[in-house]
Every structure is written in structure tokens, then in C-alpha cells.
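Structure file run.txt with compact mmCIF, C-alpha atoms:
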# COMPACT_ATOMS: atom_id res chain seq x y z
CA MET A 3 34.25 -85.29 -27.81
CA PRO A 4 37.93 -85.74 -28.70
CA GLY A 5 38.64 -87.43 -32.00
CA THR A 6 41.61 -87.81 -34.32
CA ILE A 7 43.50 -84.95 -35.96
CA LEU A 8 46.36 -85.14 -38.46
CA ILE A 9 48.61 -82.07 -38.44
CA THR A 10 51.56 -81.38 -40.74
CA GLY A 11 54.60 -79.26 -39.91
CA CYS A 12 54.64 -79.99 -36.19
CA ASN A 13 58.30 -79.53 -35.28
CA ARG A 14 57.92 -75.85 -34.28
CA GLY A 15 55.68 -72.81 -34.22
CA LEU A 16 51.98 -73.22 -34.82
CA GLY A 17 52.23 -76.92 -35.62
CA LEU A 18 53.96 -77.69 -32.35
CA GLU A 19 51.46 -75.64 -30.35
CA LEU A 20 48.50 -77.18 -32.19
CA THR A 21 49.89 -80.60 -31.33
CA ARG A 22 50.35 -79.61 -27.71
CA GLN A 23 46.86 -78.21 -27.23
CA PHE A 24 44.97 -80.99 -29.00
CA ALA A 25 47.00 -83.70 -27.23
CA ALA A 26 46.36 -82.01 -23.88
CA ASP A 27 42.63 -82.10 -24.63
CA GLY A 28 42.73 -85.87 -25.09
CA TRP A 29 42.74 -86.02 -28.88
CA LYS A 30 44.56 -88.68 -30.83
CA VAL A 31 47.07 -86.55 -32.70
CA VAL A 32 48.93 -87.75 -35.77
CA ALA A 33 51.75 -85.20 -35.94
CA THR A 34 54.14 -85.05 -38.87
CA CYS A 35 57.32 -83.15 -39.61
CA ARG A 36 60.04 -83.28 -42.23
CA ASP A 37 63.02 -84.00 -39.94
CA LEU A 38 62.36 -85.89 -36.70
CA ASP A 39 66.03 -85.72 -35.74
CA ARG A 40 65.62 -81.97 -35.21
CA ALA A 41 62.22 -82.13 -33.53
CA GLU A 42 63.18 -82.54 -29.90
CA GLU A 43 60.17 -80.64 -28.51
CA LEU A 44 57.78 -82.72 -30.59
CA LYS A 45 59.41 -85.96 -29.45
CA ALA A 46 59.14 -84.75 -25.85
CA LEU A 47 55.39 -84.28 -26.36
CA GLU A 48 55.19 -87.80 -27.79
CA ARG A 49 56.70 -89.14 -24.57
CA GLN A 50 54.22 -87.08 -22.53
CA TYR A 51 51.01 -87.98 -24.39
CA PRO A 52 50.38 -91.66 -25.18
CA LYS A 53 47.75 -90.82 -27.84
CA LEU A 54 50.23 -88.71 -29.83
CA GLN A 55 51.79 -90.44 -32.84
CA VAL A 56 54.71 -88.81 -34.64
CA TYR A 57 55.69 -89.56 -38.25
CA THR A 58 58.23 -88.24 -40.70
CA LEU A 59 56.62 -86.47 -43.65
CA ASP A 60 58.00 -84.02 -46.16
CA VAL A 61 54.70 -82.74 -47.58
CA THR A 62 56.27 -82.29 -51.02
CA ASP A 63 57.33 -85.96 -51.12
CA TYR A 64 54.14 -87.53 -52.42
CA ARG A 65 55.47 -91.06 -52.35
CA GLN A 66 56.19 -90.63 -48.64
CA MET A 67 52.70 -89.17 -48.21
CA ALA A 68 51.17 -92.21 -49.89
CA GLN A 69 53.18 -94.51 -47.62
CA LEU A 70 51.82 -92.71 -44.56
CA ALA A 71 48.30 -93.03 -45.95
CA GLU A 72 48.84 -96.77 -46.29
CA ARG A 73 49.82 -96.95 -42.62
CA LEU A 74 46.72 -94.97 -41.65
CA LYS A 75 44.29 -96.50 -44.15
CA ASP A 76 41.89 -97.84 -41.51
CA GLN A 77 42.08 -94.73 -39.29
CA PRO A 78 39.24 -92.18 -39.52
CA ILE A 79 40.61 -88.62 -39.36
CA ASP A 80 38.16 -86.08 -37.95
CA ILE A 81 40.31 -83.05 -38.78
CA LEU A 82 42.97 -82.97 -41.50
CA LEU A 83 45.01 -79.82 -40.87
CA SER A 84 47.49 -78.71 -43.52
CA ASN A 85 49.87 -76.50 -41.56
CA ALA A 86 53.31 -77.15 -43.08
CA GLY A 87 54.51 -74.37 -45.34
CA TYR A 88 57.51 -72.54 -46.74
CA TYR A 89 57.87 -68.75 -46.78
CA GLY A 90 60.76 -68.55 -49.20
CA PRO A 91 63.07 -65.55 -49.52
CA LYS A 92 61.97 -62.29 -47.93
CA GLY A 93 61.95 -58.97 -49.72
CA THR A 94 60.46 -60.34 -52.94
CA LEU A 95 59.88 -56.94 -54.52
CA PHE A 96 59.31 -56.23 -58.18
CA GLY A 97 62.47 -57.05 -60.12
CA ARG A 98 63.92 -59.19 -57.31
CA VAL A 99 61.91 -62.39 -57.64
CA ASP A 100 63.75 -65.74 -57.61
CA ARG A 101 61.73 -67.98 -59.95
CA ASP A 102 63.21 -71.22 -58.63
CA GLU A 103 62.26 -70.27 -55.08
CA TRP A 104 58.81 -69.27 -56.30
CA ARG A 105 58.30 -72.80 -57.65
CA LYS A 106 59.43 -74.31 -54.33
CA VAL A 107 56.98 -72.13 -52.37
CA LEU A 108 54.10 -72.98 -54.69
CA GLU A 109 54.92 -76.68 -54.33
CA ALA A 110 54.88 -76.53 -50.53
CA ASN A 111 52.05 -74.06 -49.97
CA THR A 112 49.65 -74.79 -52.83
CA ILE A 113 50.20 -78.19 -54.40
CA ALA A 114 51.06 -80.08 -51.19
CA PRO A 115 47.85 -79.07 -49.34
CA TYR A 116 45.85 -80.28 -52.33
CA MET A 117 47.75 -83.57 -52.37
CA LEU A 118 47.19 -83.98 -48.64
CA ALA A 119 43.44 -83.62 -49.16
CA GLU A 120 43.45 -86.01 -52.11
CA THR A 121 45.51 -88.59 -50.23
CA PHE A 122 43.56 -88.58 -46.95
CA CYS A 123 40.02 -87.63 -48.00
CA ALA A 124 38.78 -91.20 -47.52
CA ASN A 125 40.03 -91.12 -43.91
CA VAL A 126 38.23 -87.81 -43.36
CA ALA A 127 35.03 -89.05 -44.99
CA ALA A 128 35.03 -92.05 -42.60
CA SER A 129 35.16 -89.79 -39.51
CA GLU A 130 32.53 -88.01 -37.42
CA ARG A 131 33.65 -84.38 -37.96
CA LYS A 132 34.75 -84.58 -41.61
CA LEU A 133 36.82 -81.39 -41.68
CA ILE A 134 39.77 -80.38 -43.85
CA ALA A 135 41.48 -77.11 -42.93
CA VAL A 136 44.41 -75.32 -44.54
CA ILE A 137 46.53 -72.72 -42.76
CA SER A 138 46.53 -69.89 -45.27
CA SER A 139 47.38 -66.22 -44.68
CA LYS A 140 45.66 -62.87 -44.93
CA VAL A 141 48.45 -61.77 -47.29
CA GLY A 142 46.81 -64.07 -49.83
CA SER A 143 43.68 -61.92 -49.81
CA ILE A 144 43.49 -59.98 -53.08
CA ALA A 145 41.03 -57.52 -51.57
CA ASP A 146 43.40 -56.81 -48.68
CA ASN A 147 46.50 -56.18 -50.78
CA ALA A 148 47.24 -52.45 -50.64
CA SER A 149 51.04 -52.67 -50.25
CA GLY A 150 52.12 -54.77 -53.24
CA GLY A 151 55.27 -56.89 -53.29
CA GLY A 152 55.54 -60.27 -51.61
CA TYR A 153 54.92 -61.98 -54.93
CA ILE A 154 56.11 -65.43 -53.95
CA TYR A 155 54.37 -66.01 -50.63
CA ARG A 156 51.26 -63.99 -51.50
CA THR A 157 50.53 -65.93 -54.67
CA SER A 158 51.01 -69.29 -52.98
CA LYS A 159 48.36 -68.42 -50.40
CA THR A 160 45.97 -66.85 -52.92
CA ALA A 161 46.26 -70.05 -54.96
CA VAL A 162 45.69 -72.37 -52.02
CA ASN A 163 42.57 -70.39 -51.12
CA GLN A 164 41.23 -71.29 -54.56
CA VAL A 165 42.17 -74.93 -53.89
CA VAL A 166 40.14 -74.77 -50.67
CA LYS A 167 37.14 -73.31 -52.48
CA SER A 168 37.21 -76.00 -55.17
CA LEU A 169 37.67 -78.77 -52.59
CA SER A 170 34.65 -77.46 -50.69
CA VAL A 171 32.56 -77.97 -53.83
CA ASP A 172 34.06 -81.28 -54.95
CA LEU A 173 33.98 -82.95 -51.53
CA ALA A 174 30.55 -81.71 -50.45
CA GLU A 175 28.85 -84.91 -51.64
CA ARG A 176 31.10 -86.84 -49.23
CA GLY A 177 29.99 -84.61 -46.35
CA ILE A 178 33.43 -83.00 -45.98
CA THR A 179 33.77 -79.37 -44.88
CA VAL A 180 36.83 -77.49 -46.16
CA ILE A 181 38.07 -74.12 -44.86
CA ALA A 182 41.08 -71.81 -45.11
CA LEU A 183 42.40 -70.24 -41.90
CA HIS A 184 44.46 -67.14 -41.15
CA PRO A 185 46.35 -67.71 -37.88
CA GLY A 186 47.07 -64.02 -37.28
CA TRP A 187 50.52 -62.44 -37.22
CA VAL A 188 52.15 -64.89 -34.83
CA GLN A 189 55.44 -64.77 -32.91
CA THR A 190 57.06 -67.74 -34.62
CA ASP A 191 60.23 -68.18 -36.66
CA MET A 192 58.20 -67.22 -39.72
CA GLY A 193 56.26 -64.35 -38.11
CA GLY A 194 59.23 -62.88 -36.28
CA PRO A 195 59.56 -61.35 -32.79
CA ASN A 196 57.55 -58.22 -33.65
CA ALA A 197 54.38 -60.18 -34.46
CA LEU A 198 51.22 -59.27 -32.60
CA ILE A 199 50.13 -62.51 -30.91
CA SER A 200 51.67 -65.57 -29.29
CA PRO A 201 51.38 -69.09 -30.69
CA GLU A 202 49.26 -70.00 -27.67
CA GLU A 203 46.74 -67.23 -28.42
CA SER A 204 46.58 -68.05 -32.13
CA VAL A 205 46.13 -71.78 -31.58
CA SER A 206 43.50 -71.25 -28.90
CA GLY A 207 41.45 -69.33 -31.46
CA LEU A 208 42.17 -71.73 -34.31
CA LYS A 209 41.17 -74.68 -32.16
CA GLN A 210 37.84 -73.05 -31.36
CA VAL A 211 37.18 -72.45 -35.06
CA LEU A 212 38.14 -76.03 -35.94
CA LEU A 213 35.84 -77.46 -33.30
CA THR A 214 32.80 -75.27 -34.06
CA THR A 215 32.80 -74.84 -37.85
CA LYS A 216 29.66 -76.28 -39.46
CA SER A 217 29.14 -77.48 -42.99
CA GLU A 218 27.50 -74.23 -44.08
CA LYS A 219 30.89 -72.52 -43.59
CA SER A 220 32.58 -74.84 -46.09
CA GLY A 221 34.58 -72.86 -48.62
CA SER A 222 35.16 -69.97 -46.21
CA PHE A 223 38.33 -68.01 -45.44
CA LEU A 224 38.33 -67.40 -41.68
CA ASN A 225 40.47 -65.50 -39.21
CA TYR A 226 41.69 -67.26 -36.07
CA ASP A 227 38.89 -65.53 -34.16
CA GLY A 228 36.30 -66.95 -36.54
CA SER A 229 35.58 -63.74 -38.44
CA PRO A 230 35.47 -63.90 -42.27
CA ILE A 231 38.34 -62.58 -44.41
CA PRO A 232 37.66 -61.24 -47.93
CA TRP A 233 39.12 -63.25 -50.78

Once more with this new file: its structure as C-alpha cells, please.
Amino acid sequence: MPGTILITGCNRGLGLELTRQFAADGWKVVATCRDLDRAEELKALERQYPKLQVYTLDVTDYRQMAQLAERLKDQPIDILLSNAGYYGPKGTLFGRVDRDEWRKVLEANTIAPYMLAETFCANVAASERKLIAVISSKVGSIADNASGGGYIYRTSKTAVNQVVKSLSVDLAERGITVIALHPGWVQTDMGGPNALISPEESVSGLKQVLLTTKSEKSGSFLNYDGSPIPW
């Protein structure tokens, strides 16, 4: 049965497609993005689907996050999906790492997903599905790293995977399942035109994982097709 899902980073790419597919399936979607003035496609979806609610949220602005939580304090959230992220500069090879950008990426990709879980865990605990999911990346897998480089983005995703694992332990007594998801190499602004799959294909798989994951999978790192990824 459709429920309520909160998704961050919904102005484009995976977030926009996740919003589209869940709204089309009759879910109440709470979609957030940093700059609504530049989110024309998202606002068009809001006009199309009456159960879609759009809010401004910079996920690194924790005061703004708390204000949104106050507005949603009586709303159970079945799925809390941390999708917003920041890639940072490309080509971060050894000797070419921008430390200031590294801090920005860690803030957006590691600390913000934790803060999202901390801020909205009561809403999730009050729901039927009780699921928190974080869009991670396979490049954060230590076991899979055979090419080196990518220090900034890689470490932010490795770190958020550890956040997910700890949350799965700490929130278990509240009945909350927590997972990390790899969306595949997707044809988005971040993934680029040479990526292997479309946003529609990625989100179709992610949606299936989100809707079928059971509590025994809590603390897992899963591909968009549901298969496990090594840490």
C-alpha cells in the first residue's frame, strides 16, 4: 500500500525521477530541494500530483532542516530517503586534492544524511514501513577500489556507509531498518552521458528494493538490483 516518503535533492536526476515514480504510484511524497526557483520540473510534478508536497531544504542547513521537521512533526514517514549529495571537483588525484572542497563534500554526503536520520527518526518510527535509506555509491566500497584516486567523493561515501551501519544498530530497538544503496552508474548530470543506465531504470530498481527490504537486511549495502555490495 502507498505510504509517505521524504526524498531530498529532488530538483533533477535521481531525486526527480524518484519523486515522479512514487507520486505516480499514489504515494504521498515530501520532496525537497535547495533552490525551488530553479526546479521547474519538480514544480510541474507538484501541479500534476496533489499528494506531492515540495519544500525548500539545503541539507547542510540544519536549522532549516529542524524547521521542516517542525512542520512535519505529526506526519509519519514510511521511507526517509537521503538522496541529495555533492560530488565536488573531478580529477581528485594524489597531490591535487582541494581540502576545502573535501570538507564541503563530507558535510553534504556524510554529515547531512546522519542529521536527516537524527531529525526525522521519530517520524519514521511512527510509520508502518520504518525505513531509512541513503543513496551511497559503489566507489565508496573499500573492497572494490582497485583504481585509486577519487579521494574526496570516495571517502564521503565510505564514511556514510559506516553511518548507515551504526544507525542500523542504534535504531533497531525502534524497529527502524537502515540501508545504503548504490543506484548504478546513471545518466544524470553527476553520472554523465556515458553512464550505463537511465534514471528510469535505476529508480525502478531502487523502488523495488525500497519496497521489499525487510528488517533482516538492516545495515546492508545494496545495489539497485538488490544484490549485496562488499564494504

(request) Write out as number ranges by chain the residues lying within 10 Å of A:Ile231, counting only C-alpha atoms and excluding same-chain residues fewer than 6 positions away. (result) A: 139-140, 143, 145-146, 182-184, 222-225

(request) Go ahead and compute the interatomic distance for atom CA of A:Leu44 and atom CA of A:Val32, in Å to one decimal. (result) 11.4 Å

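In this structure, atom CA of A:Asn147 sits 14.5 Å away from atom CA of A:Ala161.
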
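Each of A:Gly5, A:Gly15, A:Gly221, A:Gly150 was checked against A:Leu54 using only C-alpha atoms; the smallest atom-to-atom distance is that of A:Gly5.
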
(request) Could you check which of A:Gly207, A:Gly87, A:Gly11, A:Gly142 is closest to A:Asn111, using all atoms listed in the file? (result) A:Gly87

(request) Kindly extract all protein, DNA and RNA residues lying within 10 Å of the coordinates (40.0, -90.3, -39.1) given in the file, considering all atoms listed in the file, and supply them as a PyMOL selection string. (result) chain A and resi 5-8+30+32+74-82+122-133

Go ahead and dump the residues you just picked, C-alpha atoms, as a PDB file, in the frame of the given file.
ATOM      1  CA  GLY A   5      38.640 -87.430 -32.000  1.00  0.00           C
ATOM      2  CA  THR A   6      41.610 -87.810 -34.320  1.00  0.00           C
ATOM      3  CA  ILE A   7      43.500 -84.950 -35.960  1.00  0.00           C
ATOM      4  CA  LEU A   8      46.360 -85.140 -38.460  1.00  0.00           C
ATOM      5  CA  LYS A  30      44.560 -88.680 -30.830  1.00  0.00           C
ATOM      6  CA  VAL A  32      48.930 -87.750 -35.770  1.00  0.00           C
ATOM      7  CA  LEU A  74      46.720 -94.970 -41.650  1.00  0.00           C
ATOM      8  CA  LYS A  75      44.290 -96.500 -44.150  1.00  0.00           C
ATOM      9  CA  ASP A  76      41.890 -97.840 -41.510  1.00  0.00           C
ATOM     10  CA  GLN A  77      42.080 -94.730 -39.290  1.00  0.00           C
ATOM     11  CA  PRO A  78      39.240 -92.180 -39.520  1.00  0.00           C
ATOM     12  CA  ILE A  79      40.610 -88.620 -39.360  1.00  0.00           C
ATOM     13  CA  ASP A  80      38.160 -86.080 -37.950  1.00  0.00           C
ATOM     14  CA  ILE A  81      40.310 -83.050 -38.780  1.00  0.00           C
ATOM     15  CA  LEU A  82      42.970 -82.970 -41.500  1.00  0.00           C
ATOM     16  CA  PHE A 122      43.560 -88.580 -46.950  1.00  0.00           C
ATOM     17  CA  CYS A 123      40.020 -87.630 -48.000  1.00  0.00           C
ATOM     18  CA  ALA A 124      38.780 -91.200 -47.520  1.00  0.00           C
ATOM     19  CA  ASN A 125      40.030 -91.120 -43.910  1.00  0.00           C
ATOM     20  CA  VAL A 126      38.230 -87.810 -43.360  1.00  0.00           C
ATOM     21  CA  ALA A 127      35.030 -89.050 -44.990  1.00  0.00           C
ATOM     22  CA  ALA A 128      35.030 -92.050 -42.600  1.00  0.00           C
ATOM     23  CA  SER A 129      35.160 -89.790 -39.510  1.00  0.00           C
ATOM     24  CA  GLU A 130      32.530 -88.010 -37.420  1.00  0.00           C
ATOM     25  CA  ARG A 131      33.650 -84.380 -37.960  1.00  0.00           C
ATOM     26  CA  LYS A 132      34.750 -84.580 -41.610  1.00  0.00           C
ATOM     27  CA  LEU A 133      36.820 -81.390 -41.680  1.00  0.00           C
TER      28      LEU A 133
END

(request) With a distance cut-off of 12 Å and only C-alpha atoms, select the neighbouring residues of A:Tyr64, excluding the residue or stretch itself and same-chain residues fewer than 3 positions from it, and output the selection as a ChimeraX atom specification. (result) /A:59-61,67-71,109-110,113-122

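Distances from A:Arg105, A:Ala25, A:Asp39, A:Leu212 to A:Thr62 were compared using all atoms listed in the file, and the smallest one belongs to A:Arg105.
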
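Comparing the minimum interatomic distances between A:Val31 and each of A:Ile178, A:Val171, A:Leu18, A:Ile199, counting all atoms listed in the file, we find that A:Leu18 sits nearest.
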
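Minimum atom-to-atom distance to A:Ala86, evaluated using all atoms listed in the file, belongs to A:Leu16 out of A:Leu16, A:Val180, A:Leu169, A:Leu108.
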
(message) Could you check the closest approach to A:Gln189 for each of A:Thr215, A:Leu38, A:Glu19, A:Gly90 and tell me which residue wins, using all atoms listed in the file?
(response) A:Glu19

(message) Show me, as a VMD selection string, the residues that have an atom within 10 Å of A:Glu42 when counting only C-alpha atoms, minus same-chain residues fewer than 5 positions from it.
(response) chain A and resid 13 to 14 47 to 48

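The space between atom CA of A:Ser138 and atom CA of A:Pro185 spans 7.7 Å.
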
(message) Can you pull out the residues contacting A:Gly97? Cut-off 12 Å, using all atoms listed in the file, and skip same-chain residues under 2 positions away; I want them as a list in words.
(response) Gly93, Thr94, Leu95, Val99, Asp100, Arg101, Gly151, Gly152 and Tyr153 of chain A

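Neighbourhood of point (46.4, -73.6, -29.5): residues with an atom at most 10 Å away, counting all atoms listed in the file, are Leu16, Gly17, Leu18, Glu19, Leu20, Thr21, Arg22, Gln23, Phe24, Ser200, Pro201, Glu202, Glu203, Ser204, Val205, Ser206, Gly207, Leu208, Lys209 and Gln210 of chain A.
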